[in-house]
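Below is one structure, written out as structure tokens; the observations come after it.
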Amino acid sequence: TVPSGVELLGSGEYKTIIDGSLTPPSSAALLGVVNNGQPIILHGIAFQVSGTAGHNAVDTGGQSGFLIENCWFQGNGGVLVRGGDIRIDHSVFDGAANPIIFSTTHPSVDVQIEGDIFYAPATGIAISGANTVRVEGNDFYGPTTIGVLMTNGSANNTNIVISGNTFRQDSGTTPFSSQTDIAIEGNASQVTITGNTSSKPTYASVFLLNGYTIDTVNILGNTILNSQGNGVQALGGTNVNVQGNVINSSQKEAIVLNGASGNVISNSVDKASAAGSGSFNAIRLANGTFSVSGNTVTGVSQAYSIDNEASGTFSILLNHLAPGVSGAYLFPPFLPNGALTPVVFPCRISSSNETCSIVNGLVSSAYTSPTTQDRKS
């Protein structure tokens, strides 16, 4: 147990080592308790913790004021975050199943995780019940199942920023089949995912799961390369804004919105070198309300697909389609207004500026001749 106001300074990389074997009921090799407002500082210490997976090398103790910087974590033990004013900076996590995990029963406020390196076989950072968290400038090396996960806790996650991180899955290791860089699988609001770089995720780079209250998610200016699945996949959420991203060579759709609502604006999608992409299109829409505009699409025969039995309102206008790229593909063949055989999609979203409303697979507003053509690249 470390009292408040203590600063532990190591003497250099792997020169000051806390070595422990954890077995139940032990939960931490080093427990920080801040009881008078004075911070605890850990600097330059190597933690080598073996024992039951999921136990922690450091527990921030549930109070306020904790700095972990330039430390090394090997073995099963990582950091359990609970409390406020917590900084985890420029440290290395190698081997822990869950290097940084937020308490699901104790809310955390004002947490910054910056400049760290993760070699994690499971989830790199698991955020739950937190308010005001910044995950910035970290490196995640495979094979993580999820790089950054937001899930349910004692409170909803809110005001979360995930910015400037690098997710690498092509580092020579064999990734998990469901690997995702950033996932929201719990109640969350005011989430910004911006300026991240993703290389070769196996499922998706950004994933939103349905069944939760997810509101205002801004996915802005990310670079997603060589996804073996989708680039961005949102199966739930309101005010989901996918804007200004570069998504190249995804084997499936670059952007999927199904059960979400929001905007897909000014993204650049190039599927020219995507291995095994087959009939997958650049942007796939299903249930929800979407505005799709200003996107540049190359390297694929069909820019958009709209699922059968889709329900919602889709506005697709003023996108930039390269020569040879046509507009909408209905998947599977559309049967509008109870028709018994497939017919040409009435809204004909192809090289045009138009809006189509669909309710339960039936077209509820007729196609109107466009007045403005999409610009061809």
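Labels for the structure tokens follow display order: chains A, B, ..., residues from 1 in each chain, ligands from 1.
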**OP:** Give me the residues within 7 Å of range 66-82 of chain A as a VMD selection string, counting only C-alpha atoms and dropping any in the same chain fewer than 4 places off.
**Re:** chain A and resid 39 to 51 53 to 62 86 to 103 106 to 108
Write the residues of the preceding selection, restricted to C-alpha atoms, as a short mmCIF file (atom, residue, chain, number, x, y, z; two decimals), in the first residue's frame.
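Resulting contents of again_20.cif:
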```
data_model
loop_
_atom_site.label_atom_id
_atom_site.label_comp_id
_atom_site.auth_asym_id
_atom_site.auth_seq_id
_atom_site.Cartn_x
_atom_site.Cartn_y
_atom_site.Cartn_z
CA PRO A 39 -0.96 12.72 -5.79
CA ILE A 40 0.95 9.50 -6.09
CA ILE A 41 3.67 9.45 -8.75
CA LEU A 42 5.23 6.31 -10.22
CA HIS A 43 8.16 6.97 -12.54
CA GLY A 44 10.63 4.64 -14.24
CA ILE A 45 9.52 1.41 -12.54
CA ALA A 46 9.19 -2.02 -14.15
CA PHE A 47 6.35 -4.23 -12.94
CA GLN A 48 6.76 -7.94 -13.53
CA VAL A 49 3.59 -9.63 -12.34
CA SER A 50 2.72 -13.27 -12.92
CA GLY A 51 -0.25 -15.23 -11.68
CA ALA A 53 -4.74 -13.23 -15.65
CA GLY A 54 -6.80 -10.13 -15.04
CA HIS A 55 -5.09 -9.13 -11.80
CA ASN A 56 -3.42 -5.74 -11.69
CA ALA A 57 0.06 -4.44 -11.10
CA VAL A 58 -1.32 -1.04 -10.06
CA ASP A 59 -4.71 -0.06 -8.66
CA THR A 60 -5.23 3.71 -8.63
CA GLY A 61 -7.32 3.38 -5.49
CA GLY A 62 -10.50 5.26 -6.30
CA ILE A 86 -5.26 10.08 -13.50
CA ARG A 87 -2.40 10.20 -16.05
CA ILE A 88 -0.79 7.18 -17.69
CA ASP A 89 1.98 8.50 -19.92
CA HIS A 90 4.73 6.99 -22.06
CA SER A 91 4.64 3.55 -20.52
CA VAL A 92 4.92 0.10 -22.11
CA PHE A 93 2.44 -2.75 -21.58
CA ASP A 94 3.68 -6.13 -22.73
CA GLY A 95 1.73 -9.32 -22.10
CA ALA A 96 -1.19 -8.25 -19.95
CA ALA A 97 -4.57 -9.56 -21.10
CA ASN A 98 -6.13 -6.17 -20.24
CA PRO A 99 -3.35 -3.60 -19.81
CA ILE A 100 -5.61 -0.71 -18.76
CA ILE A 101 -9.08 -1.45 -17.49
CA PHE A 102 -11.53 0.98 -15.91
CA SER A 103 -13.51 -0.15 -12.89
CA HIS A 106 -16.38 3.02 -9.53
CA PRO A 107 -16.78 5.92 -12.02
CA SER A 108 -13.63 7.64 -13.23
#
```
Original post:
Among range 40-219 of chain A, which ones does DSSP place in strand (DSSP E or B), written as a PyMOL selection string?
Top reply: chain A and resi 40-43+46-51+56-59+64-69+72-75+78-81+83-89+92-94+100-102+108-114+117-119+123-128+130-136+139-141+146-151+157-163+166-168+180-185+188-194+197-199+204-208+214-219
Original post:
If you count only C-alpha atoms, which residues fall within 10 Å of Ala260 in chain A, apart from same-chain ones fewer than 6 positions away, as a VMD selection string?
Top reply: chain A and resid 208 to 210 214 to 215 233 to 240 285 to 290
Original post:
Could you name the residues that touch Pro201 in chain A at 8 Å or less, counting only C-alpha atoms, but leaving out those on the same chain fewer than 6 positions away, as a list of chain:residue names?
Top reply: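 Within the cut-off, the hits are A:Arg168, A:Gln169, A:Gln179, A:Thr180, A:Asp181, A:Asn226, A:Ser227, A:Gln228, A:Gly229.
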Subject >> Counting only C-alpha atoms, the residue of A:Asn152, A:Asn267, A:Asp85, A:Pro323 that sits nearest Thr104 in chain A >> reply: A:Asn152
Original post:
CA of Glu114 in chain A and CA of Gln63 in chain A are how many Å apart?
Top reply: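 According to the coordinates, CA of Glu114 in chain A and CA of Gln63 in chain A are separated by 20.5 Å.
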